[in-house]
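A.B. asks: First the structure, then my questions, so here it is.
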Amino acid sequence: MRKSYRVKKEAEFQKAFKQGESVANRSFVIYRLDVPDQKHFRVGISVGKKIGHTAVMRNRIKRYIRQSLLELKPDLKQDVDFLVIARKPSNRLDFFETKRNLIHVLKLAGLLAKDFETASK
């Protein structure tokens with residue numbers, strides 16, 4: 001994802017935590033903050049050391065999340081900032097399971113079309 005699609009600053013993360021709404025499933029937590037008049041969505045990804053003790057494992061999870069979001073980009077709501085926080089079970093998922101879990105939690109957060117078909121992607 002290009003830099004313009006990322007939430008990177010600590011203050012932006014804190015704003016989403018404090019003012020945003022959250023939803024979760026077993027593998028991920030999504031914090032959502034609506035930003036009117038924004039051209040496209042922005043995403044922040046957080047994978048803590050409790051998830052994977054090695055940087056290799058944490059970076060793999062982040063790559064899976066970024067690639068899943070890249071593939072889902074046309075179907076995502078645009079005027080929003082959201083944070084994806086990985087939970088412990090996410091370290092055992094392969095790419096396709098990661099994408100399936102992300103689709104589930106994005107639907108719960110209202111960021112993905114309700115009629116989005118998992119099998120079609």
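Ordered as shown in the structure tokens, chains take letters A, B, and onward, while each chain numbers its residues from 1 and ligands are numbered from 1 in the order shown.
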Could you please write out, as a PyMOL selection string, every residue of chain A that DSSP assigns to strand (DSSP E)?

C.D. replies: chain A and resi 21-24+28-34+42-46+80-86

A.B. asks: Can I get the selection written as a short mmCIF file (atom, residue, chain, number, x, y, z; two decimals), in the first residue's frame, with C-alpha atoms?

C.D. replies:
data_model
loop_
_atom_site.label_atom_id
_atom_site.label_comp_id
_atom_site.auth_asym_id
_atom_site.auth_seq_id
_atom_site.Cartn_x
_atom_site.Cartn_y
_atom_site.Cartn_z
CA GLU A 21 -15.71 2.23 17.36
CA SER A 22 -14.29 -1.26 17.71
CA VAL A 23 -15.36 -4.72 16.63
CA ALA A 24 -13.49 -7.99 16.89
CA PHE A 28 -8.37 -9.39 14.72
CA VAL A 29 -9.71 -6.20 16.30
CA ILE A 30 -10.78 -3.30 14.07
CA TYR A 31 -11.00 0.28 15.30
CA ARG A 32 -12.96 2.44 12.89
CA LEU A 33 -13.04 6.24 12.73
CA ASP A 34 -15.15 8.00 10.09
CA ARG A 42 -6.29 4.79 5.54
CA VAL A 43 -5.24 1.77 7.57
CA GLY A 44 -2.91 1.23 10.49
CA ILE A 45 -1.64 -2.25 11.32
CA SER A 46 -0.40 -3.37 14.73
CA VAL A 80 -12.67 6.11 6.97
CA ASP A 81 -9.50 5.50 8.96
CA PHE A 82 -9.24 2.06 10.55
CA LEU A 83 -6.75 0.11 12.58
CA VAL A 84 -6.20 -3.64 12.34
CA ILE A 85 -4.86 -5.14 15.55
CA ALA A 86 -3.75 -8.77 15.37
#

A.B. asks: For A:Arg58, which residue out of A:Ser90, A:Phe96, A:Leu108, A:Lys3 is the nearest one, using only C-alpha atoms?

C.D. replies: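 Closest residue, counting only C-alpha atoms: A:Ser90.
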
A.B. asks: Which residues are near stretch 99-104 of chain A? Cut-off 8 Å, only C-alpha atoms, ignore same chain within fewer than 6 positions. Put them as JSON, numbers by chain.

C.D. replies: {"A": [25, 27, 28, 64, 65, 68, 112, 118]}

A.B. asks: Per DSSP on the backbone, filter chain A down to the residues in helix (DSSP H, G or I) and report them as an MDAnalysis selection string.

C.D. replies: chainID A and resid 3:5 10:19 55:75 88:92 95:109

A.B. asks: Those residues you just picked out, can you put them in a file as a short mmCIF file (atom, residue, chain, number, x, y, z; two decimals), in the first residue's frame with N, CA and C atoms?

C.D. replies:
data_model
loop_
_atom_site.label_atom_id
_atom_site.label_comp_id
_atom_site.auth_asym_id
_atom_site.auth_seq_id
_atom_site.Cartn_x
_atom_site.Cartn_y
_atom_site.Cartn_z
N LYS A 3 1.98 5.13 0.83
CA LYS A 3 2.01 5.84 2.11
C LYS A 3 0.73 6.61 2.38
N SER A 4 0.08 7.10 1.35
CA SER A 4 -1.15 7.88 1.55
C SER A 4 -2.29 7.01 2.09
N TYR A 5 -2.15 5.69 2.03
CA TYR A 5 -3.16 4.78 2.54
C TYR A 5 -2.86 4.29 3.96
N GLU A 10 1.51 8.26 15.87
CA GLU A 10 0.96 7.83 17.16
C GLU A 10 -0.32 8.58 17.50
N ALA A 11 -0.35 9.88 17.21
CA ALA A 11 -1.54 10.69 17.52
C ALA A 11 -2.76 10.20 16.73
N GLU A 12 -2.55 9.77 15.48
CA GLU A 12 -3.65 9.26 14.66
C GLU A 12 -4.15 7.92 15.21
N PHE A 13 -3.23 7.07 15.68
CA PHE A 13 -3.62 5.81 16.30
C PHE A 13 -4.45 6.10 17.54
N GLN A 14 -3.98 7.01 18.39
CA GLN A 14 -4.67 7.32 19.64
C GLN A 14 -6.06 7.91 19.39
N LYS A 15 -6.17 8.74 18.36
CA LYS A 15 -7.47 9.32 18.02
C LYS A 15 -8.47 8.22 17.64
N ALA A 16 -8.01 7.25 16.84
CA ALA A 16 -8.87 6.14 16.43
C ALA A 16 -9.25 5.28 17.64
N PHE A 17 -8.30 5.07 18.56
CA PHE A 17 -8.60 4.28 19.77
C PHE A 17 -9.64 4.97 20.63
N LYS A 18 -9.49 6.28 20.82
CA LYS A 18 -10.35 7.00 21.75
C LYS A 18 -11.70 7.38 21.16
N GLN A 19 -11.73 7.79 19.90
CA GLN A 19 -12.96 8.29 19.29
C GLN A 19 -13.65 7.26 18.40
N ALA A 55 10.59 -11.01 14.77
CA ALA A 55 10.18 -10.01 13.78
C ALA A 55 9.71 -10.68 12.50
N VAL A 56 10.30 -11.80 12.17
CA VAL A 56 9.92 -12.53 10.96
C VAL A 56 8.44 -12.92 11.02
N MET A 57 8.01 -13.44 12.15
CA MET A 57 6.61 -13.86 12.30
C MET A 57 5.67 -12.65 12.26
N ARG A 58 6.02 -11.58 12.96
CA ARG A 58 5.17 -10.39 12.98
C ARG A 58 5.08 -9.76 11.60
N ASN A 59 6.19 -9.69 10.89
CA ASN A 59 6.19 -9.12 9.54
C ASN A 59 5.39 -9.97 8.56
N ARG A 60 5.41 -11.28 8.74
CA ARG A 60 4.62 -12.16 7.88
C ARG A 60 3.13 -11.86 8.06
N ILE A 61 2.71 -11.71 9.30
CA ILE A 61 1.30 -11.40 9.58
C ILE A 61 0.93 -10.06 8.94
N LYS A 62 1.80 -9.07 9.07
CA LYS A 62 1.53 -7.75 8.48
C LYS A 62 1.46 -7.82 6.95
N ARG A 63 2.34 -8.62 6.35
CA ARG A 63 2.28 -8.79 4.89
C ARG A 63 0.96 -9.41 4.46
N TYR A 64 0.50 -10.43 5.19
CA TYR A 64 -0.77 -11.07 4.88
C TYR A 64 -1.92 -10.07 4.98
N ILE A 65 -1.91 -9.24 6.03
CA ILE A 65 -2.96 -8.25 6.21
C ILE A 65 -2.94 -7.23 5.08
N ARG A 66 -1.75 -6.70 4.76
CA ARG A 66 -1.64 -5.71 3.68
C ARG A 66 -2.09 -6.27 2.34
N GLN A 67 -1.67 -7.50 2.02
CA GLN A 67 -2.06 -8.10 0.74
C GLN A 67 -3.57 -8.34 0.68
N SER A 68 -4.14 -8.77 1.79
CA SER A 68 -5.60 -8.99 1.83
C SER A 68 -6.33 -7.68 1.59
N LEU A 69 -5.88 -6.61 2.25
CA LEU A 69 -6.53 -5.30 2.08
C LEU A 69 -6.35 -4.78 0.66
N LEU A 70 -5.20 -5.05 0.07
CA LEU A 70 -4.95 -4.62 -1.31
C LEU A 70 -5.95 -5.31 -2.25
N GLU A 71 -6.20 -6.59 -2.03
CA GLU A 71 -7.15 -7.32 -2.86
C GLU A 71 -8.59 -6.88 -2.61
N LEU A 72 -8.88 -6.41 -1.40
CA LEU A 72 -10.24 -5.99 -1.04
C LEU A 72 -10.46 -4.50 -1.27
N LYS A 73 -9.44 -3.78 -1.70
CA LYS A 73 -9.47 -2.32 -1.82
C LYS A 73 -10.70 -1.77 -2.54
N PRO A 74 -11.12 -2.31 -3.69
CA PRO A 74 -12.29 -1.74 -4.37
C PRO A 74 -13.59 -1.88 -3.59
N ASP A 75 -13.65 -2.84 -2.67
CA ASP A 75 -14.88 -3.11 -1.93
C ASP A 75 -14.93 -2.42 -0.56
N LYS A 88 -3.63 -13.09 19.19
CA LYS A 88 -2.78 -14.28 19.28
C LYS A 88 -3.09 -15.37 18.23
N PRO A 89 -4.36 -15.73 18.00
CA PRO A 89 -4.62 -16.81 17.02
C PRO A 89 -4.15 -16.49 15.59
N SER A 90 -3.93 -15.22 15.28
CA SER A 90 -3.54 -14.85 13.91
C SER A 90 -2.17 -15.38 13.53
N ASN A 91 -1.35 -15.77 14.50
CA ASN A 91 -0.02 -16.27 14.15
C ASN A 91 -0.04 -17.69 13.61
N ARG A 92 -1.18 -18.35 13.69
CA ARG A 92 -1.29 -19.71 13.15
C ARG A 92 -2.03 -19.76 11.81
N PHE A 95 -2.27 -17.41 4.58
CA PHE A 95 -2.78 -16.21 3.92
C PHE A 95 -4.29 -16.27 3.70
N PHE A 96 -4.79 -17.41 3.23
CA PHE A 96 -6.21 -17.50 2.89
C PHE A 96 -7.10 -17.45 4.14
N GLU A 97 -6.64 -18.04 5.23
CA GLU A 97 -7.39 -17.96 6.48
C GLU A 97 -7.35 -16.53 7.03
N THR A 98 -6.20 -15.87 6.89
CA THR A 98 -6.08 -14.48 7.32
C THR A 98 -7.07 -13.61 6.56
N LYS A 99 -7.12 -13.80 5.25
CA LYS A 99 -8.03 -13.01 4.43
C LYS A 99 -9.49 -13.28 4.80
N ARG A 100 -9.83 -14.53 5.02
CA ARG A 100 -11.20 -14.89 5.40
C ARG A 100 -11.57 -14.25 6.74
N ASN A 101 -10.67 -14.29 7.72
CA ASN A 101 -10.93 -13.67 9.02
C ASN A 101 -11.04 -12.15 8.90
N LEU A 102 -10.21 -11.54 8.07
CA LEU A 102 -10.29 -10.09 7.86
C LEU A 102 -11.61 -9.71 7.20
N ILE A 103 -12.04 -10.47 6.22
CA ILE A 103 -13.33 -10.20 5.57
C ILE A 103 -14.45 -10.23 6.61
N HIS A 104 -14.42 -11.22 7.48
CA HIS A 104 -15.45 -11.35 8.52
C HIS A 104 -15.47 -10.12 9.42
N VAL A 105 -14.32 -9.70 9.93
CA VAL A 105 -14.29 -8.59 10.88
C VAL A 105 -14.55 -7.25 10.17
N LEU A 106 -14.15 -7.13 8.90
CA LEU A 106 -14.44 -5.91 8.15
C LEU A 106 -15.95 -5.77 7.90
N LYS A 107 -16.63 -6.89 7.66
CA LYS A 107 -18.09 -6.85 7.52
C LYS A 107 -18.74 -6.43 8.82
N LEU A 108 -18.25 -6.96 9.94
CA LEU A 108 -18.79 -6.58 11.25
C LEU A 108 -18.61 -5.09 11.51
N ALA A 109 -17.50 -4.53 11.06
CA ALA A 109 -17.20 -3.11 11.26
C ALA A 109 -17.95 -2.22 10.29
#

A.B. asks: Nearest residue to A:Arg6 out of A:His53, A:Lys77, A:His40, A:Arg26, using only C-alpha atoms?

C.D. replies: A:His40

A.B. asks: Quick check, in Å to one decimal: how far apart do atom CA of A:Leu111 and atom CA of A:Lys9 lie?

C.D. replies: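 Taking atom CA of A:Leu111 and atom CA of A:Lys9, their separation equals 21.7 Å.
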
A.B. asks: Grab the atom CA of A:Gly48 to atom CA of A:Val35 distance for me, in Å with one decimal place.

C.D. replies: 26.2 Å

A.B. asks: So how far away is atom CA of A:Phe41 from atom CA of A:Asp79, in Å?

C.D. replies: 5.6 Å

A.B. asks: I'd like to know which of A:Pro36, A:Asp94, A:Arg2, A:Arg87 is closest to A:Gly52, using only C-alpha atoms.

C.D. replies: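 Checking each of A:Pro36, A:Asp94, A:Arg2, A:Arg87 against A:Gly52, counting only C-alpha atoms, the winner is A:Arg87.
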